[in-house]
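Structure data follow from entry-v6.txt (compact mmCIF, C-alpha atoms and all ligand atoms):
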# COMPACT_ATOMS: atom_id res chain seq x y z
CA MET W 1 5.54 -36.48 -24.11
CA THR W 2 9.24 -35.63 -23.89
CA ASP W 3 10.44 -32.37 -22.32
CA LYS W 4 11.72 -31.23 -25.71
CA LEU W 5 8.32 -31.75 -27.33
CA LYS W 6 6.51 -30.07 -24.43
CA SER W 7 8.78 -27.06 -24.79
CA GLU W 8 8.16 -26.91 -28.57
CA PHE W 9 4.38 -26.92 -27.97
CA LYS W 10 4.75 -24.17 -25.40
CA ILE W 11 6.77 -21.96 -27.75
CA ASN W 12 4.24 -22.54 -30.54
CA ARG W 13 1.40 -21.47 -28.20
CA ILE W 14 3.33 -18.29 -27.31
CA LYS W 15 3.91 -17.52 -31.00
CA GLU W 16 0.16 -18.01 -31.65
CA LYS W 17 -0.64 -15.57 -28.85
CA VAL W 18 1.79 -12.97 -30.23
CA ILE W 19 0.33 -13.33 -33.73
CA ASP W 20 -3.15 -13.03 -32.24
CA LEU W 21 -2.18 -9.80 -30.46
CA LEU W 22 -0.53 -8.29 -33.54
CA LYS W 23 -3.57 -9.25 -35.60
CA ASN W 24 -6.35 -8.25 -33.21
CA TYR W 25 -5.17 -5.86 -30.50
CA GLU W 26 -7.08 -2.61 -31.00
CA GLY W 27 -7.87 -3.45 -34.62
CA GLY W 28 -4.49 -5.05 -35.40
CA CYS W 29 -1.03 -3.55 -36.04
CA ASN W 30 0.06 -1.76 -39.20
CA ASP W 31 3.48 -2.34 -40.85
CA LYS W 32 5.12 0.48 -38.89
CA GLU W 33 3.89 -0.90 -35.56
CA ILE W 34 5.00 -4.42 -36.46
CA SER W 35 8.43 -3.15 -37.43
CA SER W 36 8.72 -1.25 -34.12
CA PHE W 37 7.77 -4.49 -32.29
CA GLU W 38 10.42 -6.40 -34.28
CA LYS W 39 13.09 -3.86 -33.31
CA TRP W 40 12.10 -4.14 -29.64
CA ILE W 41 12.52 -7.96 -29.71
CA ALA W 42 15.81 -7.72 -31.64
CA SER W 43 17.22 -5.15 -29.21
CA ARG W 44 16.56 -7.60 -26.34
CA GLU W 45 15.25 -4.68 -24.25
CA TYR W 46 12.29 -6.86 -23.30
CA ILE W 47 14.58 -9.15 -21.27
CA SER W 48 14.77 -6.67 -18.38
CA ASP W 49 10.95 -6.16 -18.52
CA LEU W 50 10.52 -9.94 -18.48
CA GLU W 51 12.83 -10.26 -15.47
CA LYS W 52 10.88 -7.52 -13.67
CA ALA W 53 7.58 -9.31 -14.40
CA GLN W 54 8.98 -12.65 -13.17
CA LYS W 55 10.26 -11.01 -9.97
CA LYS W 56 6.85 -9.36 -9.46
CA ASN W 57 5.15 -12.77 -9.77
CA GLU W 58 7.47 -14.29 -7.19
CA ILE W 59 6.82 -11.44 -4.74
CA GLU W 60 3.07 -11.72 -5.25
CA LYS W 61 3.29 -15.43 -4.38
CA LYS W 62 5.22 -14.64 -1.18
CA LEU W 63 2.71 -11.96 -0.18
CA ASP W 64 -0.18 -14.37 -0.95
CA SER W 65 1.38 -16.87 1.38
CA ILE W 66 1.67 -14.22 4.16
CA VAL W 67 -1.97 -13.25 3.59
CA LYS W 68 -2.97 -16.93 4.00
CA GLN W 69 -1.06 -17.05 7.30
CA LEU W 70 -2.71 -13.83 8.52
CA LEU W 71 -6.20 -15.01 7.59
CA LYS W 72 -5.76 -17.91 10.02
CA THR W 73 -5.35 -15.54 12.97
CA MET W 74 -7.21 -12.34 12.09
CA PRO W 75 -11.02 -11.89 12.30
CA SER W 76 -12.74 -11.15 8.96
CA ASP W 77 -12.80 -7.37 9.58
CA ALA W 78 -9.12 -7.55 10.66
CA ILE W 79 -9.91 -5.60 13.82
CA LEU W 80 -8.78 -7.05 17.14
CA PRO W 81 -10.89 -6.93 20.33
CA SER W 82 -8.24 -4.79 22.02
CA GLU W 83 -8.66 -1.99 19.47
CA ASN W 84 -10.71 1.12 19.90
CA ILE W 85 -11.67 2.30 16.41
CA CYS W 86 -13.54 5.58 16.48
CA GLY W 87 -15.48 7.44 13.78
CA PRO W 88 -13.27 10.38 12.74
CA THR W 89 -14.64 13.82 13.64
CA SER W 90 -12.44 15.62 11.13
CA GLY W 91 -10.95 14.85 7.72
CA PRO W 92 -12.23 13.17 4.55
CA ASN W 93 -13.85 10.32 6.49
CA SER W 94 -15.66 12.45 9.06
CA ASP W 95 -18.96 11.71 7.28
CA CYS W 96 -18.42 8.00 8.01
CA ASP W 97 -21.45 6.56 9.77
CA MET W 98 -19.78 3.76 11.75
CA LYS W 99 -22.98 1.71 11.87
CA HIS W 100 -22.94 1.41 8.09
CA THR W 101 -19.20 1.23 7.59
CA LEU W 102 -17.65 -2.07 6.62
CA HIS W 103 -14.04 -2.57 7.69
CA VAL W 104 -12.34 -4.60 4.96
CA ASP W 105 -8.58 -4.96 5.08
CA GLU W 106 -7.35 -4.38 1.53
CA PHE W 107 -4.07 -6.17 2.15
CA LEU W 108 -6.00 -9.33 3.06
CA TYR W 109 -8.90 -8.97 0.60
CA ASP W 110 -8.60 -7.62 -2.96
CA ASP W 111 -11.55 -6.43 -5.09
CA ASP W 112 -12.47 -9.97 -6.18
CA ASP W 113 -12.41 -11.22 -2.59
CA LEU W 114 -14.61 -8.30 -1.60
CA GLU W 115 -17.29 -9.35 -4.09
CA LYS W 116 -16.97 -13.00 -3.00
CA HIS W 117 -16.97 -12.61 0.78
CA PHE W 118 -18.80 -9.39 1.53
CA PHE W 119 -21.31 -9.05 -1.31
CA GLU W 120 -24.44 -9.17 0.88
CA LYS W 121 -22.94 -6.63 3.22
CA ILE W 122 -22.08 -3.92 0.71
CA LYS W 123 -25.69 -2.66 0.48
CA TYR W 124 -28.16 -1.90 3.24
CA CYS W 125 -31.83 -1.07 3.34
CA GLU W 126 -32.39 2.25 5.09
CA ASP W 127 -35.91 1.65 6.30
CA CYS W 128 -36.87 -1.96 5.40
CA GLU W 129 -40.22 -0.88 3.90
CA SER W 130 -38.81 0.71 0.81
CA ASN W 131 -36.17 -0.03 -1.80
CA ASN W 132 -34.16 2.92 -0.56
CA ILE W 133 -30.83 1.12 -0.81
CA LYS W 134 -27.55 2.86 -0.05
CA ASP W 135 -23.94 1.78 -0.54
CA THR W 136 -22.13 0.81 2.63
CA GLU W 137 -18.97 2.82 3.28
CA ILE W 138 -15.91 0.57 2.92
CA ILE W 139 -12.81 1.36 4.94
CA SER W 140 -9.47 -0.44 4.87
CA HIS W 141 -6.94 0.01 7.63
CA SER W 142 -4.08 -1.54 5.61
CA LEU W 143 -2.46 -0.66 2.32
CA SER W 144 -3.65 -2.89 -0.56
CA ARG W 145 -1.16 -5.08 -2.46
CA SER W 146 -1.50 -2.94 -5.60
CA LYS W 147 -0.77 0.22 -3.59
CA LEU W 148 2.31 -1.46 -2.10
CA GLN W 149 3.58 -2.09 -5.63
CA TYR W 150 2.96 1.51 -6.61
CA LEU W 151 4.66 2.76 -3.44
CA PHE W 152 7.88 0.81 -3.92
CA ASN W 153 8.02 0.43 -7.73
CA VAL W 154 6.91 3.91 -8.73
CA MET W 155 6.91 6.45 -5.88
CA LEU W 156 10.09 5.72 -3.92
CA PRO W 157 13.71 5.60 -5.18
CA LEU W 158 14.85 2.36 -6.84
CA ASP W 159 17.96 2.15 -4.70
CA CYS W 160 17.09 2.26 -0.98
CA SER W 161 20.12 0.20 0.07
CA ASN W 162 21.36 2.95 2.39
CA LEU W 163 17.95 4.08 3.56
CA LYS W 164 15.88 3.39 6.68
CA ILE W 165 12.12 3.11 6.22
CA LEU W 166 9.53 3.68 8.96
CA ASP W 167 5.85 2.76 8.82
CA VAL W 168 4.04 4.69 11.55
CA GLY W 169 1.21 2.49 12.85
CA SER W 170 2.32 -0.72 11.16
CA ARG W 171 -0.85 -2.68 12.09
CA ILE W 172 -0.68 -6.20 10.49
CA GLY W 173 2.60 -5.30 8.74
CA ALA W 174 1.48 -4.85 5.11
CA VAL W 175 3.94 -2.00 4.43
CA LEU W 176 6.79 -3.83 6.18
CA TYR W 177 6.38 -6.98 4.08
CA GLY W 178 5.98 -4.87 0.90
CA ALA W 179 9.18 -2.95 1.72
CA TYR W 180 11.02 -6.21 2.41
CA PHE W 181 10.18 -7.77 -0.96
CA TYR W 182 9.79 -4.78 -3.29
CA SER W 183 12.72 -2.67 -2.02
CA ASN W 184 16.32 -3.17 -1.02
CA ALA W 185 15.94 -0.89 2.02
CA LYS W 186 18.65 -1.45 4.60
CA THR W 187 16.27 -1.55 7.54
CA ILE W 188 12.50 -1.42 7.80
CA TYR W 189 10.81 -0.35 11.06
CA GLY W 190 7.20 -0.48 12.14
CA ILE W 191 5.96 1.34 15.23
CA GLU W 192 2.56 0.14 16.43
CA MET W 193 0.79 1.09 19.67
CA ASN W 194 -1.39 -2.04 19.85
CA LYS W 195 0.41 -4.96 21.50
CA GLU W 196 -1.70 -7.70 19.90
CA LEU W 197 -1.05 -6.31 16.43
CA CYS W 198 2.68 -6.23 17.20
CA ASN W 199 2.49 -9.92 18.13
CA VAL W 200 0.74 -10.70 14.82
CA GLN W 201 3.54 -8.92 12.90
CA GLN W 202 6.31 -10.56 14.95
CA GLU W 203 4.94 -14.02 14.26
CA ILE W 204 4.80 -13.44 10.51
CA ILE W 205 8.29 -11.88 10.45
CA LYS W 206 9.80 -14.73 12.42
CA PHE W 207 8.01 -17.49 10.49
CA ASN W 208 9.10 -16.03 7.14
CA LYS W 209 12.63 -15.25 8.37
CA MET W 210 12.35 -11.53 7.63
CA ASP W 211 13.96 -10.47 10.93
CA ASP W 212 17.25 -9.66 9.19
CA ARG W 213 15.77 -6.34 7.99
CA ILE W 214 12.37 -5.80 9.67
CA TYR W 215 11.99 -4.52 13.25
CA VAL W 216 8.71 -3.87 15.06
CA ILE W 217 8.50 -1.55 18.07
CA HIS W 218 5.49 -1.71 20.33
CA ASP W 219 4.93 1.88 21.41
CA ASP W 220 3.18 5.15 20.81
CA VAL W 221 5.26 6.90 18.12
CA LEU W 222 5.32 9.94 20.43
CA ASN W 223 7.74 8.09 22.73
CA GLN W 224 10.21 7.38 19.92
CA GLY W 225 11.86 10.80 19.78
CA ASP W 226 15.30 9.16 20.11
CA ILE W 227 15.09 7.31 16.79
CA ILE W 228 12.53 9.18 14.72
CA ASP W 229 15.17 11.52 13.24
CA THR W 230 17.17 8.56 11.88
CA PHE W 231 14.61 7.63 9.21
CA ASP W 232 14.99 8.53 5.52
CA ILE W 233 11.51 7.44 4.43
CA VAL W 234 8.34 7.63 6.54
CA ILE W 235 4.97 6.15 5.54
CA LEU W 236 1.80 7.60 7.05
CA ASN W 237 -1.25 5.73 5.74
CA ASN W 238 -4.43 7.16 7.28
CA VAL W 239 -2.63 6.50 10.48
CA PHE W 240 -4.37 8.58 13.11
CA GLU W 241 -7.87 9.54 12.00
CA PHE W 242 -9.72 6.35 13.05
CA PHE W 243 -7.57 5.82 16.13
CA LEU W 244 -7.04 9.20 17.84
CA GLU W 245 -9.04 12.30 18.76
CA SER W 246 -8.27 15.46 16.75
CA ASN W 247 -6.30 17.12 19.58
CA GLN W 248 -4.08 14.00 19.94
CA GLN W 249 -3.50 13.97 16.17
CA ILE W 250 -2.32 17.60 16.29
CA VAL W 251 0.19 16.74 19.06
CA ILE W 252 1.64 13.93 16.90
CA TRP W 253 1.89 16.08 13.76
CA ARG W 254 3.81 18.70 15.82
CA PHE W 255 6.07 15.93 17.12
CA LEU W 256 6.77 14.72 13.56
CA LYS W 257 7.42 18.28 12.37
CA ASN W 258 9.90 18.88 15.19
CA ASN W 259 11.70 15.57 14.87
CA LEU W 260 11.76 14.17 11.31
CA LYS W 261 15.00 15.12 9.57
CA LYS W 262 15.49 17.48 6.64
CA ASN W 263 15.25 15.73 3.22
CA CYS W 264 13.33 12.80 4.71
CA LEU W 265 10.78 11.46 2.18
CA VAL W 266 7.24 11.28 3.54
CA VAL W 267 4.41 9.34 1.89
CA THR W 268 0.92 10.17 3.09
CA ILE W 269 -2.59 8.94 2.41
CA PRO W 270 -4.52 11.22 2.09
CA SER W 271 -2.62 14.44 1.29
CA VAL W 272 -1.25 16.39 4.25
CA GLU W 273 -3.04 19.47 2.90
CA GLU W 274 -6.38 17.70 3.37
CA THR W 275 -5.42 16.52 6.86
CA PHE W 276 -4.05 19.89 7.99
CA VAL W 277 -7.09 21.81 6.73
CA SER W 278 -9.44 19.42 8.52
CA LEU W 279 -7.45 19.71 11.76
CA ASP W 280 -7.26 23.51 11.31
CA ILE W 281 -3.45 23.58 11.43
CA TYR W 282 -2.76 24.36 7.77
CA GLU W 283 -0.98 27.70 8.36
CA GLU W 284 1.30 26.27 11.06
CA PHE W 285 2.48 23.43 8.76
CA SER W 286 2.42 25.22 5.42
CA ASN W 287 6.20 25.52 5.11
CA TRP W 288 7.23 22.07 6.34
CA LEU W 289 6.82 19.71 3.36
CA LYS W 290 7.19 20.02 -0.39
CA LEU W 291 5.18 17.83 -2.80
CA ILE W 292 7.59 16.09 -5.22
CA PRO W 293 7.24 13.87 -8.32
CA VAL W 294 7.52 10.08 -8.03
CA HIS W 295 11.07 8.67 -8.41
CA GLN W 296 10.44 5.77 -10.82
CA HIS W 297 8.19 7.56 -13.26
CA GLU W 298 9.05 5.11 -16.06
CA ASN W 299 7.37 2.25 -14.17
CA GLY W 300 4.23 4.33 -13.74
CA LEU W 301 3.98 4.64 -17.52
CA LEU W 302 3.12 0.94 -17.70
CA LEU W 303 -0.04 1.47 -15.66
CA ASP W 304 -3.31 2.03 -17.44
CA ASP W 305 -5.56 4.95 -16.45
CA ASP W 306 -8.01 2.81 -14.46
CA ILE W 307 -5.26 1.32 -12.33
CA GLU W 308 -3.53 4.66 -11.86
CA ALA W 309 -6.77 6.14 -10.54
CA ASP W 310 -6.43 3.77 -7.55
CA PHE W 311 -3.35 5.69 -6.44
CA HIS W 312 -4.82 9.20 -6.62
CA ASP W 313 -4.80 9.55 -2.81
CA MET W 314 -1.08 8.66 -2.35
CA TYR W 315 1.25 11.67 -2.01
CA LEU W 316 5.03 11.98 -1.86
CA TYR W 317 6.73 14.87 -0.04
CA VAL W 318 10.20 15.84 1.05
CA ILE W 319 10.89 17.67 4.31
CA LYS W 320 12.26 21.14 3.51
C1 LIG O 1 -4.66 2.78 9.20
S1 LIG O 1 -3.64 1.76 10.16
C2 LIG O 1 -2.17 1.82 9.19
C3 LIG O 1 -1.77 0.48 8.70
C4 LIG O 1 -0.45 0.32 8.00
N1 LIG O 1 0.44 1.43 8.16
C5 LIG O 1 -0.67 0.05 6.53
O1 LIG O 1 -0.54 0.96 5.73
O2 LIG O 1 -1.00 -1.08 6.18
C6 LIG O 1 -3.18 2.78 11.51
C7 LIG O 1 -2.47 2.05 12.65
O3 LIG O 1 -1.79 3.05 13.41
C8 LIG O 1 -1.79 2.69 14.76
N2 LIG O 1 -1.57 3.95 15.51
C9 LIG O 1 -2.38 5.01 15.61
N3 LIG O 1 -1.82 5.98 16.34
C10 LIG O 1 -0.59 5.52 16.71
C11 LIG O 1 0.48 6.05 17.49
N4 LIG O 1 0.36 7.25 18.07
N5 LIG O 1 1.60 5.31 17.67
C12 LIG O 1 1.69 4.07 17.11
N6 LIG O 1 0.71 3.51 16.38
C13 LIG O 1 -0.42 4.22 16.17
C14 LIG O 1 -3.18 2.05 14.96
O4 LIG O 1 -3.19 1.17 16.07
C15 LIG O 1 -3.38 1.34 13.62
O5 LIG O 1 -3.01 -0.02 13.71

What is this structure when it is put down as structure tokens?
Ligand SMILES: C[S@@+](CC[C@H](N)C(=O)[O-])C[C@H]1O[C@@H](n2cnc3c(N)ncnc32)[C@H](O)[C@@H]1O
Amino acid sequence: MTDKLKSEFKINRIKEKVIDLLKNYEGGCNDKEISSFEKWIASREYISDLEKAQKKNEIEKKLDSIVKQLLKTMPSDAILPSENICGPTSGPNSDCDMKHTLHVDEFLYDDDDLEKHFFEKIKYCEDCESNNIKDTEIISHSLSRSKLQYLFNVMLPLDCSNLKILDVGSRIGAVLYGAYFYSNAKTIYGIEMNKELCNVQQEIIKFNKMDDRIYVIHDDVLNQGDIIDTFDIVILNNVFEFFLESNQQIVIWRFLKNNLKKNCLVVTIPSVEETFVSLDIYEEFSNWLKLIPVHQHENGLLLDDDIEADFHDMYLYVIK
């Protein structure tokens, strides 16, 4: 078949799909809806949406390839022997029974992978004799790929070309790679206290030639007072609760309060209110941050309610 013929077939298939949608989607379109669709095509507004969707596909392919590289080196729970993960004693996860908690890295495994690879492990029998079956708690220590999209395509400003992003506790680098592909941020820093995890990130960054904009610092963030006030955007994804005692977490929050600059954007998971109440420091921090709306609200409108529910624990603040 010639290329011309192939292309004609393809276009005919697309037309069939459009007709099918107009005919069947939610009971089919009425004349007014069809006319509104016609106007949208004629205005060529869809071209920018199409370009966005094509770019999104390309980024997803690049992230898939990074995930494949990481899966070759990381254990299935994505926790390295040198790590000391502790059950939190405060905060939303303080009821986590570590014996029945499954650590699944959401950057490496999406919901379908979870079903495929961990199905037998997501239930446990409490006493073997009975059918008293309980759901296993599932914890991810990385941001999922869908949350990365929401972070950079909805929450943060579109133009980050003059901004410096910091991911505190950058782990296997999910936020760094997301920032590299989804944003035009000038520089992207990760600070990670675990040396082995820093090596994992460095390898990926070097192999994929991302070292023009991504930098990883192996250190406790507490020692980075010299640079911490240079960042415009700081990401804090569940960063301390599984890794530090409550008193150490309070020291770091005080350090961040004293050092992050005014107007810096801060993204937290979960909300700082929840964290500060659980650490009993709410009053001390009550005047530090202001909750603000997402920057690219129009992109959020494309999400359906089910997908949006996935982002309910992501919060955007500005430092007052
Ligand atoms: C939940 S993971 C965050 C992963 C990553 N930011 C993401 O969203 O994909 C928390 C990471 O923070 C690191 N961490 C905890 N306390 C730290 C500190 N004081 N300084 C640097 N890294 C820290 C831990 O080693 C762990 O890898």

So which residues are near ligand LIG 1 (chain O), meaning at most 7 Å away with only C-alpha atoms and all ligand atoms counted, given back as a compact mmCIF listing (two decimals) with C-alpha atoms, in the frame of the given file?
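Wrote it out as part-v1.txt, contents follow:
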# COMPACT_ATOMS: atom_id res chain seq x y z
CA HIS W 141 -6.94 0.01 7.63
CA SER W 142 -4.08 -1.54 5.61
CA LEU W 143 -2.46 -0.66 2.32
CA ASP W 167 5.85 2.76 8.82
CA VAL W 168 4.04 4.69 11.55
CA GLY W 169 1.21 2.49 12.85
CA SER W 170 2.32 -0.72 11.16
CA ARG W 171 -0.85 -2.68 12.09
CA ILE W 172 -0.68 -6.20 10.49
CA GLY W 173 2.60 -5.30 8.74
CA ALA W 174 1.48 -4.85 5.11
CA VAL W 175 3.94 -2.00 4.43
CA ILE W 191 5.96 1.34 15.23
CA GLU W 192 2.56 0.14 16.43
CA MET W 193 0.79 1.09 19.67
CA ASN W 194 -1.39 -2.04 19.85
CA ASP W 219 4.93 1.88 21.41
CA ASP W 220 3.18 5.15 20.81
CA VAL W 221 5.26 6.90 18.12
CA LEU W 222 5.32 9.94 20.43
CA LEU W 236 1.80 7.60 7.05
CA ASN W 237 -1.25 5.73 5.74
CA ASN W 238 -4.43 7.16 7.28
CA VAL W 239 -2.63 6.50 10.48
CA PHE W 240 -4.37 8.58 13.11
CA PHE W 243 -7.57 5.82 16.13
CA LEU W 244 -7.04 9.20 17.84
CA ILE W 252 1.64 13.93 16.90

What's the 9 Å shell around W:Asp105, counting all atoms listed in the file, without same-chain residues fewer than 6 positions away, as an MDAnalysis selection string? chainID W and resid 76:79 139:144

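Straight-line separation from atom CA of W:Glu196 to atom CA of W:Gln69: 15.7 Å.
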
Which polymer residues, protein or nucleic acid, are no farther than 12 Å from (-14.6, 14.9, -0.9), counting all atoms listed in the file, as a JSON list (two decimals) with C-alpha atoms, keeping the file's coordinate frame?
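New file selection-v3.json:
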[["chain", "number", "residue", "atom", "x", "y", "z"],
["W", 91, "GLY", "CA", -10.95, 14.85, 7.72],
["W", 92, "PRO", "CA", -12.23, 13.17, 4.55],
["W", 93, "ASN", "CA", -13.85, 10.32, 6.49],
["W", 94, "SER", "CA", -15.66, 12.45, 9.06],
["W", 95, "ASP", "CA", -18.96, 11.71, 7.28],
["W", 96, "CYS", "CA", -18.42, 8.00, 8.01],
["W", 270, "PRO", "CA", -4.52, 11.22, 2.09],
["W", 274, "GLU", "CA", -6.38, 17.70, 3.37],
["W", 278, "SER", "CA", -9.44, 19.42, 8.52],
["W", 313, "ASP", "CA", -4.80, 9.55, -2.81]]

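The interatomic distance for the pair atom CA of W:Ile235 and atom CA of W:Ile165 works out to 7.8 Å.
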
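For the pair atom CA of W:Phe285 and atom CA of W:Lys257, the interatomic distance is 8.0 Å.
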
In the coordinates of the file, take the point (16.6, 19.2, 5.2) and a cut-off of 7 Å; then, counting all atoms listed in the file, name each qualifying protein, DNA or RNA residue as an NGL selection string. :W and (261-263 or 319-320)

Saved selection, atoms kept: C-alpha atoms, as a PDB file, in the coordinates of the input:
ATOM      1  CA  LYS W 261      15.000  15.120   9.570  1.00  0.00           C
ATOM      2  CA  LYS W 262      15.490  17.480   6.640  1.00  0.00           C
ATOM      3  CA  ASN W 263      15.250  15.730   3.220  1.00  0.00           C
ATOM      4  CA  ILE W 319      10.890  17.670   4.310  1.00  0.00           C
ATOM      5  CA  LYS W 320      12.260  21.140   3.510  1.00  0.00           C
TER       6      LYS W 320
END

Skipping near chain neighbours, those fewer than 5 positions away, what residues fall within 7 Å of W:Leu156 using all atoms listed in the file, listed as number ranges by chain? W: 151, 294-296

Do a neighbour search on W:Leu256 at 10 Å with only C-alpha atoms, toss out local chain neighbours closer than 2 positions, and write the hits as a ChimeraX atom specification. /W:221-222,225,228-229,250-254,258-261

List as a ChimeraX atom specification the protein and nucleic acid residues near W:Asp111, meaning an atom at most 12 Å away when only C-alpha atoms are counted, but skip any in the same chain fewer than 4 places from it. /W:104-107,115-119,138,140,144-146,310

Please reconstruct the missing atoms of stretch 153-174 of chain W (target: N, CA and C atoms) and return them as an mmCIF file, in the frame of the given file.
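Everything below was put into rebuild23.cif:
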data_model
loop_
_atom_site.group_PDB
_atom_site.id
_atom_site.type_symbol
_atom_site.label_atom_id
_atom_site.label_comp_id
_atom_site.auth_asym_id
_atom_site.auth_seq_id
_atom_site.Cartn_x
_atom_site.Cartn_y
_atom_site.Cartn_z
ATOM 1 N N ASN W 153 7.530 0.528 -6.336
ATOM 2 C CA ASN W 153 8.020 0.430 -7.730
ATOM 3 C C ASN W 153 7.880 1.718 -8.513
ATOM 4 N N VAL W 154 7.095 2.655 -7.988
ATOM 5 C CA VAL W 154 6.910 3.910 -8.730
ATOM 6 C C VAL W 154 7.286 5.130 -7.871
ATOM 7 N N MET W 155 6.726 5.211 -6.670
ATOM 8 C CA MET W 155 6.910 6.450 -5.880
ATOM 9 C C MET W 155 8.312 6.626 -5.313
ATOM 10 N N LEU W 156 8.834 5.570 -4.679
ATOM 11 C CA LEU W 156 10.090 5.720 -3.920
ATOM 12 C C LEU W 156 11.307 5.439 -4.793
ATOM 13 N N PRO W 157 12.513 5.846 -4.361
ATOM 14 C CA PRO W 157 13.710 5.600 -5.180
ATOM 15 C C PRO W 157 13.949 4.109 -5.377
ATOM 16 N N LEU W 158 14.538 3.766 -6.540
ATOM 17 C CA LEU W 158 14.850 2.360 -6.840
ATOM 18 C C LEU W 158 15.872 1.821 -5.844
ATOM 19 N N ASP W 159 16.903 2.629 -5.607
ATOM 20 C CA ASP W 159 17.960 2.150 -4.700
ATOM 21 C C ASP W 159 17.746 2.704 -3.292
ATOM 22 N N CYS W 160 17.307 1.835 -2.380
ATOM 23 C CA CYS W 160 17.090 2.260 -0.980
ATOM 24 C C CYS W 160 18.111 1.565 -0.089
ATOM 25 N N SER W 161 19.208 1.067 -0.695
ATOM 26 C CA SER W 161 20.120 0.200 0.070
ATOM 27 C C SER W 161 20.744 0.900 1.277
ATOM 28 N N ASN W 162 20.794 2.247 1.234
ATOM 29 C CA ASN W 162 21.360 2.950 2.390
ATOM 30 C C ASN W 162 20.291 3.657 3.205
ATOM 31 N N LEU W 163 19.038 3.308 2.929
ATOM 32 C CA LEU W 163 17.950 4.080 3.560
ATOM 33 C C LEU W 163 17.189 3.264 4.607
ATOM 34 N N LYS W 164 16.682 4.006 5.605
ATOM 35 C CA LYS W 164 15.880 3.390 6.680
ATOM 36 C C LYS W 164 14.429 3.805 6.487
ATOM 37 N N ILE W 165 13.554 2.808 6.428
ATOM 38 C CA ILE W 165 12.120 3.110 6.220
ATOM 39 C C ILE W 165 11.361 2.917 7.525
ATOM 40 N N LEU W 166 10.406 3.831 7.787
ATOM 41 C CA LEU W 166 9.530 3.680 8.960
ATOM 42 C C LEU W 166 8.082 3.695 8.517
ATOM 43 N N ASP W 167 7.301 2.703 9.007
ATOM 44 C CA ASP W 167 5.850 2.760 8.820
ATOM 45 C C ASP W 167 5.249 3.106 10.180
ATOM 46 N N VAL W 168 4.641 4.278 10.263
ATOM 47 C CA VAL W 168 4.040 4.690 11.550
ATOM 48 C C VAL W 168 2.662 4.034 11.647
ATOM 49 N N GLY W 169 2.460 3.237 12.699
ATOM 50 C CA GLY W 169 1.210 2.490 12.850
ATOM 51 C C GLY W 169 1.216 1.308 11.905
ATOM 52 N N SER W 170 2.068 0.312 12.185
ATOM 53 C CA SER W 170 2.320 -0.720 11.160
ATOM 54 C C SER W 170 1.269 -1.832 11.133
ATOM 55 N N ARG W 171 0.338 -1.808 12.094
ATOM 56 C CA ARG W 171 -0.850 -2.680 12.090
ATOM 57 C C ARG W 171 -0.554 -4.167 11.862
ATOM 58 N N ILE W 172 -0.983 -4.771 10.703
ATOM 59 C CA ILE W 172 -0.680 -6.200 10.490
ATOM 60 C C ILE W 172 0.606 -6.362 9.682
ATOM 61 N N GLY W 173 1.259 -5.239 9.350
ATOM 62 C CA GLY W 173 2.600 -5.300 8.740
ATOM 63 C C GLY W 173 2.652 -5.207 7.231
ATOM 64 N N ALA W 174 1.511 -4.868 6.584
ATOM 65 C CA ALA W 174 1.480 -4.850 5.110
ATOM 66 C C ALA W 174 2.644 -4.062 4.513
#
